[in-house]
>>> print(open('model_25.pdb').read())   # PDB, C-alpha atoms
ATOM      1  CA  MET E   1     -79.774 -22.789 -27.752
ATOM      2  CA  THR E   2     -76.169 -21.783 -28.335
ATOM      3  CA  VAL E   3     -73.705 -24.666 -28.291
ATOM      4  CA  SER E   4     -70.270 -23.964 -26.864
ATOM      5  CA  PRO E   5     -67.460 -24.711 -29.349
ATOM      6  CA  ASP E   6     -65.848 -26.837 -26.618
ATOM      7  CA  SER E   7     -68.867 -29.158 -26.625
ATOM      8  CA  ASP E   8     -69.588 -29.026 -30.360
ATOM      9  CA  PRO E   9     -67.951 -32.043 -32.077
ATOM     10  CA  ARG E  10     -68.348 -30.478 -35.520
ATOM     11  CA  ALA E  11     -66.670 -27.216 -34.419
ATOM     12  CA  ASN E  12     -63.874 -29.207 -32.794
ATOM     13  CA  GLN E  13     -63.359 -31.208 -35.982
ATOM     14  CA  LYS E  14     -63.229 -28.031 -38.063
ATOM     15  CA  GLN E  15     -60.640 -26.565 -35.741
ATOM     16  CA  ARG E  16     -58.538 -29.732 -35.886
ATOM     17  CA  THR E  17     -58.706 -29.719 -39.676
ATOM     18  CA  ARG E  18     -57.711 -26.063 -39.875
ATOM     19  CA  THR E  19     -54.872 -26.616 -37.416
ATOM     20  CA  ALA E  20     -53.636 -29.632 -39.394
ATOM     21  CA  ILE E  21     -53.499 -27.588 -42.599
ATOM     22  CA  VAL E  22     -51.681 -24.705 -40.905
ATOM     23  CA  ASP E  23     -49.242 -27.073 -39.185
ATOM     24  CA  ALA E  24     -48.516 -28.724 -42.525
ATOM     25  CA  ALA E  25     -47.860 -25.333 -44.101
ATOM     26  CA  ILE E  26     -45.542 -24.380 -41.218
ATOM     27  CA  ALA E  27     -43.579 -27.608 -41.664
ATOM     28  CA  LEU E  28     -43.234 -26.947 -45.389
ATOM     29  CA  LEU E  29     -42.183 -23.362 -44.750
ATOM     30  CA  ALA E  30     -39.445 -24.654 -42.463
ATOM     31  CA  THR E  31     -37.934 -26.524 -45.420
ATOM     32  CA  GLY E  32     -37.634 -23.256 -47.339
ATOM     33  CA  CYS E  33     -40.493 -23.854 -49.778
ATOM     34  CA  ARG E  34     -43.562 -21.681 -50.238
ATOM     35  CA  PRO E  35     -46.428 -24.180 -50.059
ATOM     36  CA  THR E  36     -49.593 -23.889 -52.070
ATOM     37  CA  VAL E  37     -52.954 -24.725 -50.531
ATOM     38  CA  SER E  38     -52.912 -28.015 -52.450
ATOM     39  CA  GLU E  39     -49.453 -28.931 -51.140
ATOM     40  CA  ALA E  40     -50.489 -28.170 -47.561
ATOM     41  CA  ALA E  41     -53.642 -30.240 -48.038
ATOM     42  CA  THR E  42     -51.613 -33.206 -49.271
ATOM     43  CA  ALA E  43     -49.192 -32.927 -46.339
ATOM     44  CA  ALA E  44     -52.110 -32.639 -43.893
ATOM     45  CA  LYS E  45     -53.881 -35.596 -45.502
ATOM     46  CA  VAL E  46     -57.060 -33.658 -46.246
ATOM     47  CA  SER E  47     -58.734 -33.088 -49.576
ATOM     48  CA  ARG E  48     -57.879 -30.026 -51.632
ATOM     49  CA  ALA E  49     -61.542 -29.021 -51.649
ATOM     50  CA  THR E  50     -61.559 -29.048 -47.861
ATOM     51  CA  ALA E  51     -58.347 -27.045 -47.637
ATOM     52  CA  TYR E  52     -59.664 -24.421 -50.048
ATOM     53  CA  ARG E  53     -62.780 -23.975 -47.921
ATOM     54  CA  TYR E  54     -60.536 -22.852 -45.070
ATOM     55  CA  PHE E  55     -57.932 -21.031 -47.173
ATOM     56  CA  PRO E  56     -59.268 -19.845 -50.547
ATOM     57  CA  THR E  57     -55.887 -18.407 -51.581
ATOM     58  CA  GLN E  58     -52.244 -19.251 -51.012
ATOM     59  CA  ASP E  59     -51.716 -15.853 -49.390
ATOM     60  CA  SER E  60     -54.429 -16.476 -46.804
ATOM     61  CA  LEU E  61     -52.747 -19.743 -45.834
ATOM     62  CA  LEU E  62     -49.231 -18.335 -45.719
ATOM     63  CA  VAL E  63     -50.207 -15.311 -43.653
ATOM     64  CA  GLU E  64     -51.816 -17.534 -41.023
ATOM     65  CA  ALA E  65     -48.898 -19.957 -41.047
ATOM     66  CA  ALA E  66     -46.441 -17.085 -40.680
ATOM     67  CA  ALA E  67     -48.318 -15.818 -37.639
ATOM     68  CA  HIS E  68     -47.716 -19.143 -35.863
ATOM     69  CA  GLY E  69     -43.939 -18.976 -35.704
ATOM     70  CA  PRO E  70     -41.921 -21.033 -33.201
ATOM     71  CA  VAL E  71     -41.970 -18.366 -30.495
ATOM     72  CA  GLU E  72     -43.319 -20.302 -27.523
ATOM     73  CA  PRO E  73     -39.876 -20.371 -25.829
ATOM     74  CA  ILE E  74     -39.702 -16.585 -26.067
ATOM     75  CA  GLU E  75     -43.169 -16.162 -24.592
ATOM     76  CA  THR E  76     -42.099 -18.409 -21.700
ATOM     77  CA  LEU E  77     -38.845 -16.508 -21.176
ATOM     78  CA  VAL E  78     -40.515 -13.094 -21.081
ATOM     79  CA  ALA E  79     -43.258 -14.286 -18.758
ATOM     80  CA  ALA E  80     -40.668 -15.706 -16.344
ATOM     81  CA  GLN E  81     -38.474 -12.590 -16.104
ATOM     82  CA  THR E  82     -38.464 -11.190 -12.563
ATOM     83  CA  GLY E  83     -35.339  -9.027 -12.265
ATOM     84  CA  ASP E  84     -35.453  -5.239 -12.063
ATOM     85  CA  ASN E  85     -32.562  -4.593 -14.477
ATOM     86  CA  ALA E  86     -34.116  -3.514 -17.783
ATOM     87  CA  ARG E  87     -30.786  -3.750 -19.605
ATOM     88  CA  ALA E  88     -30.261  -7.364 -18.526
ATOM     89  CA  ARG E  89     -33.841  -8.331 -19.255
ATOM     90  CA  PHE E  90     -33.718  -6.951 -22.788
ATOM     91  CA  ALA E  91     -30.305  -8.527 -23.421
ATOM     92  CA  GLU E  92     -31.774 -11.889 -22.416
ATOM     93  CA  LEU E  93     -34.747 -11.420 -24.740
ATOM     94  CA  GLN E  94     -32.576 -10.303 -27.627
ATOM     95  CA  ALA E  95     -30.085 -13.153 -27.289
ATOM     96  CA  ALA E  96     -32.836 -15.785 -27.138
ATOM     97  CA  PHE E  97     -35.018 -14.399 -29.918
ATOM     98  CA  ASN E  98     -32.245 -13.621 -32.390
ATOM     99  CA  ALA E  99     -30.748 -17.068 -31.796
ATOM    100  CA  LEU E 100     -34.165 -18.569 -32.589
ATOM    101  CA  VAL E 101     -34.436 -16.425 -35.708
ATOM    102  CA  GLY E 102     -31.048 -17.726 -36.824
ATOM    103  CA  GLU E 103     -32.128 -21.333 -36.274
ATOM    104  CA  GLU E 104     -35.401 -20.787 -38.136
ATOM    105  CA  GLU E 105     -34.051 -18.388 -40.765
ATOM    106  CA  ALA E 106     -35.632 -20.061 -43.785
ATOM    107  CA  ALA E 107     -39.071 -20.135 -42.173
ATOM    108  CA  MET E 108     -38.681 -16.564 -40.914
ATOM    109  CA  ARG E 109     -37.660 -15.311 -44.355
ATOM    110  CA  MET E 110     -40.632 -17.088 -45.877
ATOM    111  CA  ALA E 111     -42.940 -15.571 -43.262
ATOM    112  CA  LEU E 112     -41.637 -12.107 -44.103
ATOM    113  CA  ARG E 113     -42.231 -12.800 -47.781
ATOM    114  CA  SER E 114     -45.801 -13.809 -46.977
ATOM    115  CA  TYR E 115     -46.399 -10.541 -45.119
ATOM    116  CA  LEU E 116     -45.014  -8.560 -48.055
ATOM    117  CA  ASP E 117     -47.042 -10.539 -50.587
ATOM    118  CA  ALA E 118     -50.191  -9.788 -48.595
ATOM    119  CA  TRP E 119     -49.300  -6.078 -48.636
ATOM    120  CA  PHE E 120     -48.763  -6.051 -52.415
ATOM    121  CA  ALA E 121     -51.937  -8.057 -53.039
ATOM    122  CA  ALA E 122     -53.954  -5.520 -51.032
ATOM    123  CA  ARG E 123     -52.336  -2.662 -52.912
ATOM    124  CA  GLU E 124     -53.243  -4.223 -56.253
ATOM    125  CA  ARG E 125     -56.852  -4.552 -55.080
ATOM    126  CA  GLY E 126     -56.858  -0.945 -53.899
ATOM    127  CA  THR E 127     -57.619  -1.981 -50.327
ATOM    128  CA  LEU E 128     -55.873  -1.519 -47.015
ATOM    129  CA  ALA E 129     -53.239  -4.112 -46.212
ATOM    130  CA  PRO E 130     -54.482  -6.691 -43.692
ATOM    131  CA  ASP E 131     -53.186  -6.384 -40.151
ATOM    132  CA  VAL E 132     -51.363  -9.708 -40.134
ATOM    133  CA  ARG E 133     -48.600  -9.025 -37.623
ATOM    134  CA  GLN E 134     -49.492  -9.888 -34.046
ATOM    135  CA  GLY E 135     -47.367  -7.234 -32.358
ATOM    136  CA  ARG E 136     -45.515  -9.765 -30.213
ATOM    137  CA  ARG E 137     -42.188  -7.998 -30.584
ATOM    138  CA  MET E 138     -43.489  -4.736 -29.142
ATOM    139  CA  ARG E 139     -45.240  -6.590 -26.346
ATOM    140  CA  TRP E 140     -42.021  -8.376 -25.427
ATOM    141  CA  ILE E 141     -40.064  -5.132 -25.450
ATOM    142  CA  ALA E 142     -42.627  -3.455 -23.213
ATOM    143  CA  ALA E 143     -42.419  -6.345 -20.758
ATOM    144  CA  THR E 144     -38.614  -6.370 -20.602
ATOM    145  CA  LEU E 145     -38.442  -2.597 -20.141
ATOM    146  CA  ALA E 146     -41.104  -2.578 -17.412
ATOM    147  CA  PRO E 147     -38.575  -1.953 -14.582
ATOM    148  CA  ALA E 148     -37.456   1.281 -16.294
ATOM    149  CA  ARG E 149     -40.972   2.513 -17.038
ATOM    150  CA  GLY E 150     -41.033   4.787 -14.007
ATOM    151  CA  THR E 151     -37.729   6.417 -14.918
ATOM    152  CA  LEU E 152     -38.447   7.120 -18.589
ATOM    153  CA  ALA E 153     -40.655   9.887 -19.911
ATOM    154  CA  PRO E 154     -43.488   8.480 -22.061
ATOM    155  CA  ASP E 155     -42.081   9.885 -25.307
ATOM    156  CA  THR E 156     -38.613   8.546 -24.499
ATOM    157  CA  ALA E 157     -40.013   5.113 -23.655
ATOM    158  CA  GLN E 158     -41.966   5.036 -26.925
ATOM    159  CA  ARG E 159     -38.938   6.117 -28.965
ATOM    160  CA  LEU E 160     -36.688   3.603 -27.226
ATOM    161  CA  SER E 161     -39.139   0.742 -27.782
ATOM    162  CA  ALA E 162     -39.427   1.584 -31.477
ATOM    163  CA  ALA E 163     -35.647   1.757 -31.843
ATOM    164  CA  LEU E 164     -35.077  -1.523 -30.014
ATOM    165  CA  ALA E 165     -37.559  -3.225 -32.363
ATOM    166  CA  LEU E 166     -34.914  -2.733 -35.050
ATOM    167  CA  THR E 167     -32.517  -4.995 -33.134
ATOM    168  CA  LEU E 168     -34.854  -8.011 -32.953
ATOM    169  CA  GLY E 169     -36.165 -10.432 -35.536
ATOM    170  CA  ILE E 170     -35.608 -11.390 -39.136
ATOM    171  CA  GLU E 171     -35.588  -7.873 -40.624
ATOM    172  CA  PRO E 172     -32.390  -6.607 -38.910
ATOM    173  CA  LEU E 173     -30.768  -9.994 -39.473
ATOM    174  CA  LEU E 174     -31.351  -9.595 -43.217
ATOM    175  CA  VAL E 175     -29.698  -6.174 -43.154
ATOM    176  CA  MET E 176     -26.710  -7.525 -41.237
ATOM    177  CA  LYS E 177     -26.252 -10.553 -43.501
ATOM    178  CA  ASP E 178     -27.499  -9.491 -46.932
ATOM    179  CA  ILE E 179     -26.381  -5.858 -46.956
ATOM    180  CA  CYS E 180     -23.543  -5.663 -44.432
ATOM    181  CA  ARG E 181     -22.280  -9.142 -45.371
ATOM    182  CA  LEU E 182     -21.721 -10.232 -41.775
ATOM    183  CA  ASP E 183     -21.786 -13.834 -40.666
ATOM    184  CA  ASP E 184     -24.316 -15.037 -38.099
ATOM    185  CA  ALA E 185     -22.118 -14.420 -35.051
ATOM    186  CA  ALA E 186     -21.036 -10.953 -36.165
ATOM    187  CA  ALA E 187     -24.624 -10.056 -37.027
ATOM    188  CA  ARG E 188     -25.864 -10.985 -33.553
ATOM    189  CA  ASP E 189     -22.934  -9.199 -31.889
ATOM    190  CA  THR E 190     -23.652  -6.030 -33.855
ATOM    191  CA  LEU E 191     -27.328  -6.093 -32.974
ATOM    192  CA  GLN E 192     -26.447  -6.608 -29.295
ATOM    193  CA  TRP E 193     -24.111  -3.607 -29.449
ATOM    194  CA  MET E 194     -26.865  -1.534 -31.070
ATOM    195  CA  ALA E 195     -29.353  -2.419 -28.345
ATOM    196  CA  LYS E 196     -26.878  -1.738 -25.546
ATOM    197  CA  THR E 197     -25.998   1.640 -27.063
ATOM    198  CA  LEU E 198     -29.655   2.612 -27.447
ATOM    199  CA  LEU E 199     -30.506   1.587 -23.900
ATOM    200  CA  GLU E 200     -27.538   3.415 -22.413
ATOM    201  CA  ALA E 201     -28.305   6.552 -24.420
ATOM    202  CA  ALA E 202     -31.961   6.633 -23.414
ATOM    203  CA  LEU E 203     -31.364   5.904 -19.730
ATOM    204  CA  THR E 204     -28.432   8.331 -19.511
ATOM    205  CA  GLU E 205     -30.406  11.055 -21.261
ATOM    206  CA  GLN E 206     -33.325  10.573 -18.891
ATOM    207  CA  SER E 207     -31.011  10.661 -15.874
ATOM    208  CA  ALA E 208     -29.426  13.902 -17.080
ATOM    209  CA  THR E 209     -32.849  15.446 -17.606
ATOM    210  CA  ARG E 210     -33.883  14.615 -14.050
ATOM    211  CA  ASN E 211     -30.666  16.088 -12.680
ATOM    212  CA  ASP E 212     -31.224  19.317 -14.635
ATOM    213  CA  ASP E 213     -34.666  19.566 -13.106
TER     214      ASP E 213
END
>>> encode(input="model_25.pdb", output="structure tokens")
Amino acid sequence: MTVSPDSDPRANQKQRTRTAIVDAAIALLATGCRPTVSEAATAAKVSRATAYRYFPTQDSLLVEAAAHGPVEPIETLVAAQTGDNARARFAELQAAFNALVGEEEAAMRMALRSYLDAWFAARERGTLAPDVRQGRRMRWIAATLAPARGTLAPDTAQRLSAALALTLGIEPLLVMKDICRLDDAAARDTLQWMAKTLLEAALTEQSATRNDD
């Protein structure tokens, strides 16, 4: 007989233990440190042997912790959007997400480092890099642009979504701050201008194409 995980006390305990270790790692990441499995185990009040059964390497722990970023408010915002103005919807997403990235910059930088470390570790092993990113950014963009889906050609919509991905998240913020030497406010303003310009260009181009037809 198969026992449902919901009714299996042992499975529930394992999940609670795993969650406690990941939550401890997330909390440590938020302080700007890069926790080891042992450090996460200590913070979670579980034995190191137990923690290593769930996460045999530091990279495996950090990749999972990085995937559980503080994005619940963004998920809620996107799910609640009801307007039919794609420009306004994306502007709302961008303002909220980039503000969150700024507030959680240390944790976001550490998450990015974890993704890169996983890529380099796979390369050293001669294997394919693990698919550790959850694709939330592209899903959010698709949702915010939904009102314009009927007016954009598929290739234009795909190109626009890819371009707008470069205006969200920790990666463009690093470029703005570390390379362009902008402060937080100027960085966000520049990224907003980029997104507005991209949206206007794509929608105007599509409108002109329809008129030519």
>>> atom_distance(input="model_25.pdb", atom1="CA of Ala79 in chain E", atom2="CA of Ala99 in chain E")
18.3 Å
>>> residues_near_point(input="model_25.pdb", point="(-39.2, -11.7, -41.3)", cutoff="12 Å", atoms="only C-alpha atoms", output="number ranges by chain")
E: 63, 66-67, 69, 98, 101-102, 104-116, 133, 137, 166, 168-175
>>> resolve_selection(input="model_25.pdb", expression="the PyMOL selection byres ((chain E and resi 159) around 12)", output="number ranges by chain")
E: 138, 141-142, 152-158, 160-166, 198-199, 201-203
>>> residues_near_point(input="model_25.pdb", point="(-56.1, -35.1, -40.8)", cutoff="6 Å", atoms="only C-alpha atoms", output="ChimeraX atom specification")
/E:44-46
>>> atom_distance(input="model_25.pdb", atom1="CA of Ala146 in chain E", atom2="CA of Ala86 in chain E")
7.1 Å
>>> closest_residue(input="model_25.pdb", among="E:Ile74, E:Arg18, E:Tyr52, E:Asn12", to="Gln94 in chain E", atoms="all atoms listed in the file")
E:Ile74
>>> closest_residue(input="model_25.pdb", among="E:Leu128, E:Met176, E:Ala143, E:Ala25", to="Glu39 in chain E", atoms="all atoms listed in the file")
E:Ala25
>>> atom_distance(input="model_25.pdb", atom1="CA of Pro73 in chain E", atom2="CA of Phe55 in chain E")
28.0 Å
>>> closest_residue(input="model_25.pdb", among="E:Ala129, E:Ala24, E:Leu145, E:Leu191", to="Arg89 in chain E", atoms="all atoms listed in the file")
E:Leu145
>>> axis_aligned_box(input="model_25.pdb", around="range 119-126 of chain E", padding_each_side="3 Å", output="JSON")
{"center_x": -52.8, "center_y": -4.5, "center_z": -52.4, "size_x": 14.1, "size_y": 13.1, "size_z": 13.6}
>>> closest_residue(input="model_25.pdb", among="E:Ala51, E:Arg125, E:Leu100, E:Ala20", to="Glu72 in chain E", atoms="all atoms listed in the file")
E:Leu100
>>> resolve_selection(input="model_25.pdb", expression="the PyMOL selection byres ((chain E and resi 87) around 10)", output="PyMOL selection string")
chain E and resi 84-86+88-92+144-145+147-148+195-196+199-200+203
>>> residues_around(input="model_25.pdb", residues="Arg53 in chain E", least_positions_apart="6", cutoff="12 Å", atoms="only C-alpha atoms", output="compact mmCIF listing (two decimals) with C-alpha atoms, keeping the file's coordinate frame")
# COMPACT_ATOMS: atom_id res chain seq x y z
CA LYS E 14 -63.23 -28.03 -38.06
CA THR E 17 -58.71 -29.72 -39.68
CA ARG E 18 -57.71 -26.06 -39.88
CA ILE E 21 -53.50 -27.59 -42.60
CA VAL E 37 -52.95 -24.72 -50.53
CA SER E 38 -52.91 -28.02 -52.45
CA ALA E 41 -53.64 -30.24 -48.04
CA VAL E 46 -57.06 -33.66 -46.25
CA SER E 47 -58.73 -33.09 -49.58
CA SER E 60 -54.43 -16.48 -46.80
CA LEU E 61 -52.75 -19.74 -45.83
>>> residues_around(input="model_25.pdb", residues="Trp140 in chain E", least_positions_apart="4", cutoff="8 Å", atoms="all atoms listed in the file", output="PDB file with C-alpha atoms, in the frame of the given file")
ATOM      1  CA  GLU E  75     -43.169 -16.162 -24.592  1.00  0.00           C
ATOM      2  CA  VAL E  78     -40.515 -13.094 -21.081  1.00  0.00           C
ATOM      3  CA  LEU E  93     -34.747 -11.420 -24.740  1.00  0.00           C
ATOM      4  CA  ARG E 136     -45.515  -9.765 -30.213  1.00  0.00           C
ATOM      5  CA  THR E 144     -38.614  -6.370 -20.602  1.00  0.00           C
TER       6      THR E 144
END
